[in-house]
file target20.pdb (PDB, C-alpha atoms)
ATOM      1  CA  MET E   1       2.247  -8.871   7.125
ATOM      2  CA  ARG E   2       0.314  -6.250   9.067
ATOM      3  CA  ILE E   3       0.968  -2.598   8.189
ATOM      4  CA  SER E   4       0.170   0.685   9.894
ATOM      5  CA  SER E   5      -2.284   3.337   8.721
ATOM      6  CA  ALA E   6      -1.009   5.942  11.224
ATOM      7  CA  ARG E   7       0.703   8.134   8.625
ATOM      8  CA  VAL E   8      -1.961   8.237   5.931
ATOM      9  CA  GLY E   9      -2.342  11.819   4.712
ATOM     10  CA  GLU E  10       1.363  12.624   4.975
ATOM     11  CA  LYS E  11       3.449  14.059   2.164
ATOM     12  CA  LEU E  12       5.644  11.751   0.094
ATOM     13  CA  GLY E  13       7.881  14.628  -0.881
ATOM     14  CA  THR E  14       8.377  17.293  -3.542
ATOM     15  CA  ILE E  15      10.621  17.091  -6.606
ATOM     16  CA  GLU E  16      11.452  19.226  -9.619
ATOM     17  CA  THR E  17      11.678  17.954 -13.191
ATOM     18  CA  GLU E  18      13.143  19.938 -16.085
ATOM     19  CA  LEU E  19      11.551  18.948 -19.391
ATOM     20  CA  THR E  20      14.781  18.980 -21.363
ATOM     21  CA  PRO E  21      14.816  17.803 -24.980
ATOM     22  CA  ARG E  22      16.896  14.809 -23.878
ATOM     23  CA  ARG E  23      14.299  13.785 -21.266
ATOM     24  CA  LEU E  24      11.306  14.162 -23.614
ATOM     25  CA  LEU E  25      12.964  12.390 -26.542
ATOM     26  CA  ALA E  26      14.248   9.513 -24.414
ATOM     27  CA  TYR E  27      10.824   8.797 -22.938
ATOM     28  CA  SER E  28       9.072   8.640 -26.309
ATOM     29  CA  ALA E  29      11.892   6.622 -27.866
ATOM     30  CA  GLY E  30      11.621   4.225 -24.914
ATOM     31  CA  LEU E  31       8.111   3.407 -26.147
ATOM     32  CA  GLU E  32       9.365   3.151 -29.753
ATOM     33  CA  LEU E  33       7.221   6.108 -30.839
ATOM     34  CA  GLY E  34       8.555   7.746 -33.995
ATOM     35  CA  ASP E  35       6.178  10.700 -34.407
ATOM     36  CA  ASP E  36       7.677  14.124 -35.152
ATOM     37  CA  CYS E  37       5.595  15.701 -32.376
ATOM     38  CA  TYR E  38       7.522  13.566 -29.871
ATOM     39  CA  LEU E  39      10.962  13.313 -31.482
ATOM     40  CA  ASP E  40      11.551  16.636 -33.314
ATOM     41  CA  ASP E  41      12.756  19.161 -30.762
ATOM     42  CA  ALA E  42      13.388  21.702 -33.582
ATOM     43  CA  ARG E  43       9.706  21.946 -34.567
ATOM     44  CA  PRO E  44       7.792  25.119 -33.593
ATOM     45  CA  GLY E  45       7.087  24.879 -29.873
ATOM     46  CA  GLY E  46       9.557  22.032 -29.482
ATOM     47  CA  ALA E  47       8.891  18.349 -28.824
ATOM     48  CA  GLU E  48       5.656  17.456 -27.060
ATOM     49  CA  MET E  49       5.636  15.503 -23.816
ATOM     50  CA  MET E  50       3.937  12.163 -24.447
ATOM     51  CA  PRO E  51       1.190  12.511 -21.790
ATOM     52  CA  ALA E  52       1.957   9.123 -20.223
ATOM     53  CA  MET E  53       5.338  10.565 -19.235
ATOM     54  CA  CYS E  54       3.554  11.991 -16.186
ATOM     55  CA  ALA E  55       4.145   8.564 -14.592
ATOM     56  CA  ALA E  56       7.897   8.976 -15.133
ATOM     57  CA  VAL E  57       7.822  12.489 -13.669
ATOM     58  CA  GLU E  58       6.049  11.088 -10.596
ATOM     59  CA  TRP E  59       8.208   7.963 -10.343
ATOM     60  CA  PRO E  60      10.878   9.331  -7.944
ATOM     61  CA  LEU E  61       8.070   9.794  -5.401
ATOM     62  CA  ALA E  62       6.229   6.589  -6.357
ATOM     63  CA  ASP E  63       9.161   4.146  -6.393
ATOM     64  CA  GLY E  64       8.478   3.052  -2.812
ATOM     65  CA  VAL E  65      11.307   4.628  -0.822
ATOM     66  CA  ARG E  66       9.125   7.113   1.071
ATOM     67  CA  ILE E  67       5.944   4.995   0.881
ATOM     68  CA  SER E  68       7.616   2.001   2.573
ATOM     69  CA  GLU E  69       8.819   4.291   5.363
ATOM     70  CA  LEU E  70       5.288   5.628   5.963
ATOM     71  CA  ILE E  71       3.659   2.200   6.191
ATOM     72  CA  GLY E  72       6.456   0.731   8.314
ATOM     73  CA  VAL E  73       8.102  -1.844   6.036
ATOM     74  CA  THR E  74      11.417  -2.200   4.239
ATOM     75  CA  LEU E  75      11.771  -1.150   0.625
ATOM     76  CA  ALA E  76      12.527  -4.761  -0.348
ATOM     77  CA  GLN E  77       9.320  -5.957   1.316
ATOM     78  CA  TYR E  78       7.296  -3.273  -0.420
ATOM     79  CA  ARG E  79       8.714  -3.994  -3.873
ATOM     80  CA  LYS E  80       8.158  -7.738  -3.526
ATOM     81  CA  VAL E  81       4.386  -7.484  -2.997
ATOM     82  CA  GLY E  82       3.401  -4.135  -4.548
ATOM     83  CA  VAL E  83       1.759  -4.087  -7.993
ATOM     84  CA  HIS E  84       0.261  -1.201  -9.974
ATOM     85  CA  ALA E  85      -3.542  -1.398  -9.672
ATOM     86  CA  GLU E  86      -4.955   1.816 -11.194
ATOM     87  CA  GLN E  87      -3.733   5.018 -12.830
ATOM     88  CA  ASP E  88      -5.994   8.037 -13.308
ATOM     89  CA  SER E  89      -4.238  11.103 -14.740
ATOM     90  CA  ARG E  90      -5.857  14.453 -15.549
ATOM     91  CA  TYR E  91      -4.121  16.964 -17.845
ATOM     92  CA  HIS E  92      -4.854  20.620 -17.178
ATOM     93  CA  ARG E  93      -2.660  21.984 -19.973
ATOM     94  CA  PRO E  94       0.085  20.605 -22.238
ATOM     95  CA  PRO E  95       3.557  20.743 -20.677
ATOM     96  CA  ARG E  96       6.144  22.733 -22.635
ATOM     97  CA  MET E  97       9.659  21.691 -23.580
ATOM     98  CA  GLY E  98      12.199  23.513 -21.432
ATOM     99  CA  GLU E  99       9.973  24.311 -18.476
ATOM    100  CA  THR E 100      10.550  23.061 -14.949
ATOM    101  CA  LEU E 101       7.697  21.317 -13.159
ATOM    102  CA  THR E 102       7.241  20.721  -9.425
ATOM    103  CA  THR E 103       5.508  17.536  -8.238
ATOM    104  CA  THR E 104       4.229  16.865  -4.724
ATOM    105  CA  GLY E 105       2.973  13.441  -3.637
ATOM    106  CA  TRP E 106       0.621  12.407  -0.835
ATOM    107  CA  LEU E 107      -0.334   9.054   0.674
ATOM    108  CA  GLU E 108      -4.123   9.492   0.515
ATOM    109  CA  VAL E 109      -5.821   6.158   1.238
ATOM    110  CA  LEU E 110      -5.126   2.676   2.581
ATOM    111  CA  ARG E 111      -8.016   0.217   2.318
ATOM    112  CA  GLN E 112      -8.295  -3.485   3.179
ATOM    113  CA  THR E 113      -9.515  -5.768   0.386
ATOM    114  CA  ARG E 114      -9.644  -9.539  -0.024
ATOM    115  CA  ALA E 115      -6.503  -9.441  -2.171
ATOM    116  CA  GLY E 116      -4.518  -7.263   0.211
ATOM    117  CA  VAL E 117      -4.187  -3.568   1.012
ATOM    118  CA  LEU E 118      -5.152  -1.107  -1.730
ATOM    119  CA  MET E 119      -3.113   2.083  -1.516
ATOM    120  CA  THR E 120      -3.923   5.342  -3.320
ATOM    121  CA  CYS E 121      -1.424   8.183  -3.716
ATOM    122  CA  ARG E 122      -2.041  11.572  -5.303
ATOM    123  CA  TYR E 123       0.569  13.503  -7.287
ATOM    124  CA  ASP E 124       0.068  17.207  -8.058
ATOM    125  CA  THR E 125       2.341  18.716 -10.709
ATOM    126  CA  VAL E 126       2.464  22.490 -11.167
ATOM    127  CA  ASP E 127       4.503  25.039 -13.124
ATOM    128  CA  ARG E 128       6.754  27.833 -11.816
ATOM    129  CA  GLU E 129       3.693  30.013 -11.123
ATOM    130  CA  GLY E 130       1.972  27.223  -9.187
ATOM    131  CA  ALA E 131      -0.636  26.616 -11.885
ATOM    132  CA  PRO E 132      -1.666  22.949 -12.276
ATOM    133  CA  VAL E 133      -0.256  21.022 -15.241
ATOM    134  CA  PHE E 134      -1.334  17.455 -14.429
ATOM    135  CA  THR E 135      -2.715  15.502 -11.480
ATOM    136  CA  SER E 136      -2.504  11.728 -11.030
ATOM    137  CA  TYR E 137      -4.144   9.246  -8.697
ATOM    138  CA  ASN E 138      -1.994   6.128  -8.557
ATOM    139  CA  SER E 139      -3.291   3.021  -6.780
ATOM    140  CA  GLY E 140      -1.243  -0.043  -5.902
ATOM    141  CA  MET E 141      -2.135  -3.401  -4.379
ATOM    142  CA  LEU E 142       0.025  -4.706  -1.536
ATOM    143  CA  ARG E 143      -0.734  -8.381  -2.146
ATOM    144  CA  GLY E 144      -1.615 -10.540   0.847
ATOM    145  CA  TRP E 145      -0.958  -7.862   3.459
ATOM    146  CA  GLU E 146      -3.298  -6.723   6.235
ATOM    147  CA  LEU E 147      -4.121  -3.214   7.420
ATOM    148  CA  ASP E 148      -4.570  -2.319  11.086
ATOM    149  CA  ARG E 149      -8.117  -1.075  10.328
ATOM    150  CA  PRO E 150     -10.559  -1.435   7.400
ATOM    151  CA  ARG E 151      -9.819   1.956   5.828
ATOM    152  CA  ALA E 152      -7.808   5.108   6.448
ATOM    153  CA  GLY E 153      -7.948   8.380   4.514
ATOM    154  CA  ASP E 154     -10.047   9.663   1.640
ATOM    155  CA  SER E 155      -9.635  10.659  -2.006
ATOM    156  CA  ASP E 156     -11.673  12.572  -4.570
ATOM    157  CA  ALA E 157     -10.457  10.365  -7.422
ATOM    158  CA  GLY E 158     -13.765   8.545  -7.804
ATOM    159  CA  ALA E 159     -14.257   4.882  -8.670
ATOM    160  CA  LEU E 160     -13.581   3.603 -12.170
ATOM    161  CA  GLN E 161     -16.613   1.961 -13.756
ATOM    162  CA  PRO E 162     -16.636  -1.268 -15.798
ATOM    163  CA  VAL E 163     -16.805  -0.992 -19.590
ATOM    164  CA  ALA E 164     -18.014  -3.775 -21.903
ATOM    165  CA  LEU E 165     -16.293  -3.683 -25.277
ATOM    166  CA  ASP E 166     -17.646  -6.804 -26.923
ATOM    167  CA  GLU E 167     -17.189  -7.957 -30.509
ATOM    168  CA  GLY E 168     -18.534  -5.420 -32.995
ATOM    169  CA  GLN E 169     -18.834  -2.621 -30.437
ATOM    170  CA  ALA E 170     -15.343  -1.185 -30.636
ATOM    171  CA  ALA E 171     -12.408  -0.588 -32.930
ATOM    172  CA  LYS E 172      -9.376  -2.796 -32.371
ATOM    173  CA  THR E 173      -5.719  -1.912 -32.654
ATOM    174  CA  ASP E 174      -3.066  -4.618 -32.315
ATOM    175  CA  VAL E 175       0.167  -3.580 -30.584
ATOM    176  CA  PRO E 176       3.185  -5.898 -30.845
ATOM    177  CA  VAL E 177       5.255  -5.758 -27.651
ATOM    178  CA  ALA E 178       8.889  -6.405 -28.497
ATOM    179  CA  ARG E 179      10.853  -8.670 -26.166
ATOM    180  CA  HIS E 180      13.309  -5.839 -25.564
ATOM    181  CA  LEU E 181      10.695  -3.138 -24.877
ATOM    182  CA  PRO E 182      10.897  -3.297 -21.053
ATOM    183  CA  HIS E 183      14.656  -2.773 -21.257
ATOM    184  CA  ILE E 184      14.512   0.386 -23.353
ATOM    185  CA  TYR E 185      11.467   1.720 -21.489
ATOM    186  CA  SER E 186      13.261   1.209 -18.160
ATOM    187  CA  GLU E 187      16.115   3.424 -19.329
ATOM    188  CA  GLY E 188      14.140   5.883 -21.463
ATOM    189  CA  GLY E 189      11.541   6.484 -18.742
ATOM    190  CA  PRO E 190      13.487   6.124 -16.609
ATOM    191  CA  ILE E 191      11.285   3.761 -14.575
ATOM    192  CA  TRP E 192      13.255   0.787 -13.280
ATOM    193  CA  ASN E 193      12.233  -2.290 -11.324
ATOM    194  CA  PRO E 194      14.182  -5.509 -11.981
ATOM    195  CA  ILE E 195      11.031  -7.660 -12.351
ATOM    196  CA  HIS E 196      10.613  -5.966 -15.744
ATOM    197  CA  THR E 197      14.085  -6.733 -17.095
ATOM    198  CA  GLU E 198      15.816  -9.511 -15.102
ATOM    199  CA  ARG E 199      14.304 -13.001 -15.352
ATOM    200  CA  LEU E 200      16.080 -14.234 -12.223
ATOM    201  CA  VAL E 201      14.354 -11.536 -10.187
ATOM    202  CA  ALA E 202      10.994 -12.037 -11.896
ATOM    203  CA  LEU E 203      11.028 -15.793 -11.356
ATOM    204  CA  ALA E 204      12.046 -15.338  -7.713
ATOM    205  CA  ALA E 205       8.979 -13.114  -7.299
ATOM    206  CA  ASP E 206       6.780 -15.985  -8.561
ATOM    207  CA  LEU E 207       6.173 -14.321 -11.935
ATOM    208  CA  PRO E 208       6.127 -16.466 -15.092
ATOM    209  CA  ASP E 209       8.657 -14.228 -16.849
ATOM    210  CA  ILE E 210       9.691 -10.600 -16.971
ATOM    211  CA  ILE E 211       6.581  -8.458 -17.394
ATOM    212  CA  LEU E 212       6.042  -5.158 -19.151
ATOM    213  CA  HIS E 213       5.657  -2.179 -16.829
ATOM    214  CA  GLY E 214       2.013  -1.359 -16.174
ATOM    215  CA  SER E 215       2.791   2.265 -17.001
ATOM    216  CA  ALA E 216       4.186   1.172 -20.388
ATOM    217  CA  THR E 217       1.068  -0.867 -21.208
ATOM    218  CA  TRP E 218      -0.971   2.178 -20.151
ATOM    219  CA  ALA E 219       1.150   4.410 -22.388
ATOM    220  CA  LEU E 220       0.785   2.131 -25.432
ATOM    221  CA  ALA E 221      -3.006   2.107 -25.010
ATOM    222  CA  MET E 222      -2.950   5.891 -24.597
ATOM    223  CA  ASP E 223      -0.982   6.325 -27.813
ATOM    224  CA  ARG E 224      -3.504   4.270 -29.794
ATOM    225  CA  VAL E 225      -6.463   6.185 -28.316
ATOM    226  CA  ILE E 226      -4.815   9.534 -29.130
ATOM    227  CA  ARG E 227      -4.224   8.404 -32.730
ATOM    228  CA  ALA E 228      -7.766   7.149 -33.187
ATOM    229  CA  HIS E 229      -9.760   9.821 -31.375
ATOM    230  CA  ALA E 230      -7.606  12.971 -31.152
ATOM    231  CA  GLY E 231      -6.073  13.013 -34.617
ATOM    232  CA  GLY E 232      -2.711  12.070 -33.121
ATOM    233  CA  ASP E 233      -2.536  15.329 -31.125
ATOM    234  CA  PRO E 234      -1.366  14.576 -27.534
ATOM    235  CA  ARG E 235      -2.220  18.139 -26.437
ATOM    236  CA  ARG E 236      -5.916  17.277 -26.614
ATOM    237  CA  LEU E 237      -5.810  14.607 -23.896
ATOM    238  CA  LYS E 238      -7.673  15.703 -20.772
ATOM    239  CA  ARG E 239      -7.892  12.465 -18.791
ATOM    240  CA  PHE E 240      -6.698   8.884 -19.143
ATOM    241  CA  ALA E 241      -7.575   6.285 -16.521
ATOM    242  CA  CYS E 242      -7.833   2.522 -16.194
ATOM    243  CA  ARG E 243      -7.382  -0.474 -13.941
ATOM    244  CA  PHE E 244      -4.457  -2.907 -14.348
ATOM    245  CA  THR E 245      -5.942  -6.391 -14.428
ATOM    246  CA  GLY E 246      -3.346  -8.631 -16.041
ATOM    247  CA  MET E 247       0.295  -9.074 -17.009
ATOM    248  CA  VAL E 248       1.877  -8.503 -20.417
ATOM    249  CA  ILE E 249       4.737 -10.858 -21.260
ATOM    250  CA  PRO E 250       7.151  -9.145 -23.673
ATOM    251  CA  GLY E 251       7.152 -10.774 -27.080
ATOM    252  CA  GLU E 252       3.361 -11.068 -27.367
ATOM    253  CA  THR E 253       0.817  -8.848 -29.103
ATOM    254  CA  ILE E 254      -1.816  -6.985 -27.133
ATOM    255  CA  THR E 255      -5.033  -5.509 -28.545
ATOM    256  CA  VAL E 256      -6.413  -2.106 -27.548
ATOM    257  CA  ARG E 257     -10.199  -1.906 -27.956
ATOM    258  CA  HIS E 258     -11.739   1.568 -27.981
ATOM    259  CA  ARG E 259     -14.862   3.515 -28.893
ATOM    260  CA  ALA E 260     -16.413   6.951 -28.460
ATOM    261  CA  ALA E 261     -18.970   6.935 -25.643
ATOM    262  CA  GLY E 262     -20.963  10.076 -24.890
ATOM    263  CA  ASP E 263     -18.526  12.906 -24.192
ATOM    264  CA  GLY E 264     -15.584  10.572 -23.744
ATOM    265  CA  ILE E 265     -13.901   7.378 -24.874
ATOM    266  CA  GLU E 266     -14.063   3.890 -23.405
ATOM    267  CA  PHE E 267     -11.188   1.450 -23.837
ATOM    268  CA  ASP E 268      -9.644  -1.733 -22.570
ATOM    269  CA  THR E 269      -6.738  -3.947 -23.574
ATOM    270  CA  VAL E 270      -6.462  -7.727 -23.863
ATOM    271  CA  ASN E 271      -3.515 -10.046 -24.383
ATOM    272  CA  ALA E 272      -3.027 -12.616 -27.130
ATOM    273  CA  ASP E 273      -5.292 -15.091 -25.300
ATOM    274  CA  GLY E 274      -8.076 -12.527 -24.963
ATOM    275  CA  ARG E 275      -7.522 -12.042 -21.231
ATOM    276  CA  PRO E 276      -7.841  -8.442 -19.986
ATOM    277  CA  VAL E 277      -4.697  -6.549 -19.024
ATOM    278  CA  LEU E 278      -6.308  -3.087 -18.807
ATOM    279  CA  SER E 279      -9.951  -2.606 -17.835
ATOM    280  CA  CYS E 280     -12.410   0.147 -16.817
ATOM    281  CA  GLY E 281     -10.671   2.458 -19.286
ATOM    282  CA  VAL E 282     -11.927   6.007 -19.726
ATOM    283  CA  ALA E 283     -10.419   8.904 -21.671
ATOM    284  CA  GLU E 284     -11.521  12.513 -22.117
ATOM    285  CA  LEU E 285     -10.351  15.112 -24.624
ATOM    286  CA  HIS E 286     -10.040  18.872 -24.529
ATOM    287  CA  SER E 287     -12.156  20.603 -27.177
ATOM    288  CA  VAL E 288     -10.439  21.575 -30.416
TER     289      VAL E 288
END
call {"tool": "encode", "arguments": {"input": "target20.pdb", "output": "structure tokens"}}
result
Amino acid sequence: MRISSARVGEKLGTIETELTPRRLLAYSAGLELGDDCYLDDARPGGAEMMPAMCAAVEWPLADGVRISELIGVTLAQYRKVGVHAEQDSRYHRPPRMGETLTTTGWLEVLRQTRAGVLMTCRYDTVDREGAPVFTSYNSGMLRGWELDRPRAGDSDAGALQPVALDEGQAAKTDVPVARHLPHIYSEGGPIWNPIHTERLVALAADLPDIILHGSATWALAMDRVIRAHAGGDPRRLKRFACRFTGMVIPGETITVRHRAAGDGIEFDTVNADGRPVLSCGVAELHSV
């Protein structure tokens, strides 16, 4: 299918999100995280937002309704071919329980590749005073589609660089992925797409089974990096970015590999067969 680049640069919309205790607790529970910082809303300062929840805050703008309109396809067509390709989120300050955030999305770039059309959207989230809280660059691959020109638009996200985490060079953390995890993450997020929970839909989309959300795999890797390199304190995360390079079938165990590298952290994630599911991983921390 050939799609149009005519509306690159247009706004996807603006939404408000109230960080209620219910919303914060449900997201963390949807990842089966049991830490007090995420699940105790009575602690001083309240429950922390698990930083990966930025993807859930952005989801109403990223779910494809407005994007499909801008590129001239139906929502069903978009959801059938679109897959999460990259996520690069930068955290300017920790969100606070009870505050209301405003998120604005933009369709920044469409670029032709051999695999299809790579699309990059930017999401800016600010507080009531307009001060930035977090910014995300979300890229998706529209598999097998063609663009009406080689490239449209520009972004300041920057390209993610390969990392090589060979044997002996990095710490390893195994993460069992329960068969039911996509179901509770879909509702706790809430981030819903039936390919993650309904086998009939997944098989009809030529997938081998239901697959874990890319944002959930990203969140599980983030949690292990925060534990290993930030003393378990999510408020220290400054940036977390990677490329999605493989599927996670619920019921298997994935392995997050990570190491300190200069002023930051490099990471990737492989499945039970050693095949990469997250690559080009980079994380940065705020100073203590």
call {"tool": "closest_atom_pairs", "arguments": {"input": "target20.pdb", "of": "segment 231-267 of chain E", "to": "segment 30-43 of chain E", "cutoff": "12 Å", "atoms": "all atoms listed in the file", "output": "JSON lines"}}
result
{"residue": "E:Gly232", "atom": "CA", "partner": "E:Asp35", "partner_atom": "CA", "distance": 9.1}
{"residue": "E:Asp233", "atom": "CA", "partner": "E:Cys37", "partner_atom": "CA", "distance": 8.2}
{"residue": "E:Pro234", "atom": "CA", "partner": "E:Cys37", "partner_atom": "CA", "distance": 8.6}
{"residue": "E:Arg235", "atom": "CA", "partner": "E:Cys37", "partner_atom": "CA", "distance": 10.1}
call {"tool": "closest_atom_pairs", "arguments": {"input": "target20.pdb", "of": "segment 204-269 of chain E", "to": "segment 123-138 of chain E", "cutoff": "10 Å", "atoms": "only C-alpha atoms", "output": "Markdown table"}}
result
| residue | atom | partner | partner_atom | distance |
| --- | --- | --- | --- | --- |
| E:Lys238 | CA | E:Phe134 | CA | 9.1 |
| E:Arg239 | CA | E:Phe134 | CA | 9.3 |
| E:Phe240 | CA | E:Ser136 | CA | 9.6 |
| E:Ala241 | CA | E:Tyr137 | CA | 9.0 |
call {"tool": "resolve_selection", "arguments": {"input": "target20.pdb", "expression": "the PyMOL selection byres ((chain E and resi 61-74) around 6)", "output": "mmCIF file with C-alpha atoms, in the coordinates of the input"}}
result
data_model
loop_
_atom_site.group_PDB
_atom_site.id
_atom_site.type_symbol
_atom_site.label_atom_id
_atom_site.label_comp_id
_atom_site.auth_asym_id
_atom_site.auth_seq_id
_atom_site.Cartn_x
_atom_site.Cartn_y
_atom_site.Cartn_z
ATOM 1 C CA ILE E 3 0.968 -2.598 8.189
ATOM 2 C CA SER E 4 0.170 0.685 9.894
ATOM 3 C CA ARG E 7 0.703 8.134 8.625
ATOM 4 C CA LEU E 12 5.644 11.751 0.094
ATOM 5 C CA GLU E 58 6.049 11.088 -10.596
ATOM 6 C CA TRP E 59 8.208 7.963 -10.343
ATOM 7 C CA PRO E 60 10.878 9.331 -7.944
ATOM 8 C CA LEU E 75 11.771 -1.150 0.625
ATOM 9 C CA ALA E 76 12.527 -4.761 -0.348
ATOM 10 C CA GLN E 77 9.320 -5.957 1.316
#
call {"tool": "resolve_selection", "arguments": {"input": "target20.pdb", "expression": "the PyMOL selection byres ((chain E and resi 83-96) around 9)", "output": "count of residues only"}}
result
55
call {"tool": "closest_residue", "arguments": {"input": "target20.pdb", "among": "E:Ala152, E:Gly246, E:Trp145, E:Tyr78", "to": "Arg111 of chain E", "atoms": "all atoms listed in the file"}}
result
E:Ala152
call {"tool": "closest_residue", "arguments": {"input": "target20.pdb", "among": "E:Val109, E:Ala230, E:Cys280, E:Leu212", "to": "Ser186 of chain E", "atoms": "all atoms listed in the file"}}
result
E:Leu212
call {"tool": "closest_residue", "arguments": {"input": "target20.pdb", "among": "E:His229, E:Arg23, E:Arg122, E:Arg149", "to": "Leu110 of chain E", "atoms": "all atoms listed in the file"}}
result
E:Arg149
call {"tool": "closest_residue", "arguments": {"input": "target20.pdb", "among": "E:Val270, E:Ala159, E:Val117, E:Ile249", "to": "Asp174 of chain E", "atoms": "all atoms listed in the file"}}
result
E:Val270
call {"tool": "resolve_selection", "arguments": {"input": "target20.pdb", "expression": "the PyMOL selection byres ((chain E and resi 251) around 12)", "output": "count of residues only"}}
result
20
call {"tool": "atom_distance", "arguments": {"input": "target20.pdb", "atom1": "atom CA of Arg227 of chain E", "atom2": "atom CA of Thr20 of chain E"}}
result
24.5 Å
call {"tool": "atom_distance", "arguments": {"input": "target20.pdb", "atom1": "atom CA of Thr197 of chain E", "atom2": "atom CA of Val57 of chain E"}}
result
20.5 Å
call {"tool": "build_atoms", "arguments": {"input": "target20.pdb", "residues": "segment 92-98 of chain E", "atoms": "all heavy atoms", "output": "PDB file, in the coordinates of the input"}}
result
ATOM      1  N   HIS E  92      -4.245  19.294 -17.221  1.00  0.00           N
ATOM      2  CA  HIS E  92      -4.854  20.620 -17.178  1.00  0.00           C
ATOM      3  C   HIS E  92      -4.398  21.494 -18.344  1.00  0.00           C
ATOM      4  O   HIS E  92      -5.168  22.322 -18.837  1.00  0.00           O
ATOM      5  CB  HIS E  92      -4.512  21.283 -15.848  1.00  0.00           C
ATOM      6  CG  HIS E  92      -4.818  20.405 -14.669  1.00  0.00           C
ATOM      7  ND1 HIS E  92      -6.100  20.043 -14.319  1.00  0.00           N
ATOM      8  CD2 HIS E  92      -4.004  19.777 -13.779  1.00  0.00           C
ATOM      9  CE1 HIS E  92      -6.073  19.266 -13.256  1.00  0.00           C
ATOM     10  NE2 HIS E  92      -4.805  19.076 -12.915  1.00  0.00           N
ATOM     11  N   ARG E  93      -3.176  21.321 -18.767  1.00  0.00           N
ATOM     12  CA  ARG E  93      -2.660  21.984 -19.973  1.00  0.00           C
ATOM     13  C   ARG E  93      -1.448  21.213 -20.462  1.00  0.00           C
ATOM     14  O   ARG E  93      -0.809  20.483 -19.690  1.00  0.00           O
ATOM     15  CB  ARG E  93      -2.289  23.438 -19.696  1.00  0.00           C
ATOM     16  CG  ARG E  93      -1.069  23.610 -18.783  1.00  0.00           C
ATOM     17  CD  ARG E  93      -0.309  24.852 -19.160  1.00  0.00           C
ATOM     18  NE  ARG E  93       0.755  25.197 -18.241  1.00  0.00           N
ATOM     19  CZ  ARG E  93       2.026  24.787 -18.382  1.00  0.00           C
ATOM     20  NH1 ARG E  93       2.379  23.985 -19.372  1.00  0.00           N
ATOM     21  NH2 ARG E  93       2.949  25.176 -17.515  1.00  0.00           N
ATOM     22  N   PRO E  94      -1.089  21.333 -21.751  1.00  0.00           N
ATOM     23  CA  PRO E  94       0.085  20.605 -22.238  1.00  0.00           C
ATOM     24  C   PRO E  94       1.371  21.152 -21.623  1.00  0.00           C
ATOM     25  O   PRO E  94       1.571  22.370 -21.583  1.00  0.00           O
ATOM     26  CB  PRO E  94       0.060  20.858 -23.750  1.00  0.00           C
ATOM     27  CG  PRO E  94      -1.331  21.302 -24.063  1.00  0.00           C
ATOM     28  CD  PRO E  94      -1.812  22.026 -22.841  1.00  0.00           C
ATOM     29  N   PRO E  95       2.236  20.284 -21.129  1.00  0.00           N
ATOM     30  CA  PRO E  95       3.557  20.743 -20.677  1.00  0.00           C
ATOM     31  C   PRO E  95       4.353  21.283 -21.862  1.00  0.00           C
ATOM     32  O   PRO E  95       4.096  20.927 -23.020  1.00  0.00           O
ATOM     33  CB  PRO E  95       4.199  19.475 -20.114  1.00  0.00           C
ATOM     34  CG  PRO E  95       3.057  18.533 -19.883  1.00  0.00           C
ATOM     35  CD  PRO E  95       2.042  18.846 -20.922  1.00  0.00           C
ATOM     36  N   ARG E  96       5.340  22.129 -21.579  1.00  0.00           N
ATOM     37  CA  ARG E  96       6.144  22.733 -22.635  1.00  0.00           C
ATOM     38  C   ARG E  96       7.610  22.343 -22.477  1.00  0.00           C
ATOM     39  O   ARG E  96       8.149  22.358 -21.362  1.00  0.00           O
ATOM     40  CB  ARG E  96       6.013  24.260 -22.606  1.00  0.00           C
ATOM     41  CG  ARG E  96       4.619  24.763 -22.957  1.00  0.00           C
ATOM     42  CD  ARG E  96       4.601  26.287 -23.001  1.00  0.00           C
ATOM     43  NE  ARG E  96       4.784  26.863 -21.672  1.00  0.00           N
ATOM     44  CZ  ARG E  96       3.777  27.175 -20.861  1.00  0.00           C
ATOM     45  NH1 ARG E  96       2.520  26.945 -21.238  1.00  0.00           N
ATOM     46  NH2 ARG E  96       4.021  27.707 -19.676  1.00  0.00           N
ATOM     47  N   MET E  97       8.244  22.019 -23.600  1.00  0.00           N
ATOM     48  CA  MET E  97       9.659  21.691 -23.580  1.00  0.00           C
ATOM     49  C   MET E  97      10.444  22.845 -22.966  1.00  0.00           C
ATOM     50  O   MET E  97      10.225  24.007 -23.297  1.00  0.00           O
ATOM     51  CB  MET E  97      10.147  21.423 -25.005  1.00  0.00           C
ATOM     52  CG  MET E  97      11.577  20.892 -25.087  1.00  0.00           C
ATOM     53  SD  MET E  97      12.100  20.575 -26.805  1.00  0.00           S
ATOM     54  CE  MET E  97      12.526  22.253 -27.325  1.00  0.00           C
ATOM     55  N   GLY E  98      11.344  22.515 -22.052  1.00  0.00           N
ATOM     56  CA  GLY E  98      12.199  23.513 -21.432  1.00  0.00           C
ATOM     57  C   GLY E  98      11.719  24.014 -20.091  1.00  0.00           C
ATOM     58  O   GLY E  98      12.506  24.597 -19.336  1.00  0.00           O
TER      59      GLY E  98
END
